[in-house]
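Report on the structure given below.
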Amino acid sequence: MDTRAEDKQQGSVQSVEVAGEVLRALMAADGPMRLSDLAQASGMHPAKAHRYLVSLTRIGLASQDTATGLYDLGPMALQMALKGFIRFDILRQSVDCIEQLGREIGETVALVIWGEAGPKFIRMAEARHGQASTVPITHICPLTWSATGLLFSAYEASTRTAALIHREIEQNKLLNRTNAPVSMAELDGMVATIRSNGVSTIENGGNSGNAAVSAPVFDGSGKFIMGISVFAKAGRIDTSLDGNLVRKVTSATRRLSDAFSGRKSF
């Protein structure tokens, strides 16, 4: 049967399928893309890809950085991902992980992914004592002076983090934030340490009064997909690398990474 006739018979909409190719290319990328690269990955002329991107941006499935002109997935795509995340086993295992960890350590534990504006808390297992620390579930973590943000600075694609990092470093200088890097060289040293240790820790970052431990979760291909963070008031938790808390957090993220790669169930 002729493909067009078959499409018509099945009631398909070809333009939606073409738009799907553009979205598929954005999802496959490690970060924001140039129009020319996106068009090539989608198998279409740049002018055609641009027309689809205009429509996808209008409905929030794609976005364009006004400073760089690069394209990425948009806020509606994030909401769809979160809804899908909720419906699938990956979230159930992740929630089980942070709830189990929270019971073991008695402090607040959060599940964090990359959102539209930075690392975003999407699930939290809150501690149930009078000194427990908590933040709104929509909290966006600073990239240069929080344990979670520094974890994402170390493992998330630089195409997503670079502009935000440079802006924050300038703010650190202007505001004279304590325990916060004021140069890229200083941040690079912190990031190298995190990658070497496999965990991010901080005590009173940015003079926030909080302490935290954050560790990465990877998929089967070794790609960073989320972080798990424990936080409390400064001085309440042990953030030392050889301490019991760091051991428990990194053990939990390794088990979750193994589960996502199919090596074992959580």
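Following the order of the structure tokens, first chain is A, next is B, and so on, with residues numbered from 1 inside each chain and ligands from 1 in the order they appear.
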
Using only C-alpha atoms, which residues of region 148-212 of chain A come within 9 Å of region 118-127 of chain A, and what is the closest atom pair for each, with the distance in Å to one decimal? Give it as a tab-separated table, sorted by chain and residue number.
residue	atom	partner	partner_atom	distance
A:Thr148	CA	A:Pro119	CA	7.3
A:Gly149	CA	A:Pro119	CA	6.3
A:Phe152	CA	A:Pro119	CA	7.0
A:Arg160	CA	A:Gly118	CA	8.3
A:Thr161	CA	A:Gly118	CA	7.5
A:Leu164	CA	A:Gly118	CA	7.9

Now that the selection is made, can you save its residues with C-alpha atoms as a PDB file, in the first residue's frame?
ATOM      1  CA  THR A 148      23.662  19.755  44.947  1.00  0.00           C
ATOM      2  CA  GLY A 149      24.543  22.571  42.563  1.00  0.00           C
ATOM      3  CA  PHE A 152      25.538  19.257  38.764  1.00  0.00           C
ATOM      4  CA  ARG A 160      23.437  23.651  30.148  1.00  0.00           C
ATOM      5  CA  THR A 161      25.369  24.924  33.144  1.00  0.00           C
ATOM      6  CA  LEU A 164      24.316  30.052  34.874  1.00  0.00           C
TER       7      LEU A 164
END

Discussion item. Let's see if you can do this: from backbone DSSP, list all helix (DSSP H, G or I) residues in region 18-179 of chain A, as JSON, numbers by chain.
Written reply: {"A": [18, 19, 20, 21, 22, 23, 24, 25, 26, 27, 28, 35, 36, 37, 38, 39, 40, 41, 42, 46, 47, 48, 49, 50, 51, 52, 53, 54, 55, 56, 57, 58, 75, 76, 77, 78, 79, 80, 81, 82, 83, 84, 85, 86, 87, 89, 90, 91, 92, 93, 94, 95, 96, 97, 98, 99, 100, 101, 102, 103, 104, 105, 147, 148, 149, 150, 151, 152, 153, 154, 155, 158, 159, 160, 161, 162, 163, 164, 165, 166, 167, 168, 169, 170, 171, 172, 173, 174, 175]}

Worksheet item: as a VMD selection string, which residues of region 21-194 of chain A does DSSP assign to strand (DSSP E)?
Response: chain A and resid 62 to 64 71 to 73 108 to 115 118 to 125

Item to complete: Take CA of Leu53 (chain A) and CA of Ile90 (chain A) and report the distance between them in Å, one decimal.
Response: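 Separating CA of Leu53 (chain A) from CA of Ile90 (chain A) is a distance of 29.5 Å.
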
Discussion item. If I take CA of Ser133 (chain A) and CA of Ile237 (chain A), how far is one from the other in Å, to one decimal?
Written reply: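 CA of Ser133 (chain A) sits 11.4 Å away from CA of Ile237 (chain A).
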
Worksheet item: Which one of A:Val54, A:Ile59, A:Ala211, A:Val18 sits closest to Ser240 (chain A) if you count only C-alpha atoms?
Response: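 Nearest candidate to Ser240 (chain A) out of A:Val54, A:Ile59, A:Ala211, A:Val18: A:Ala211.
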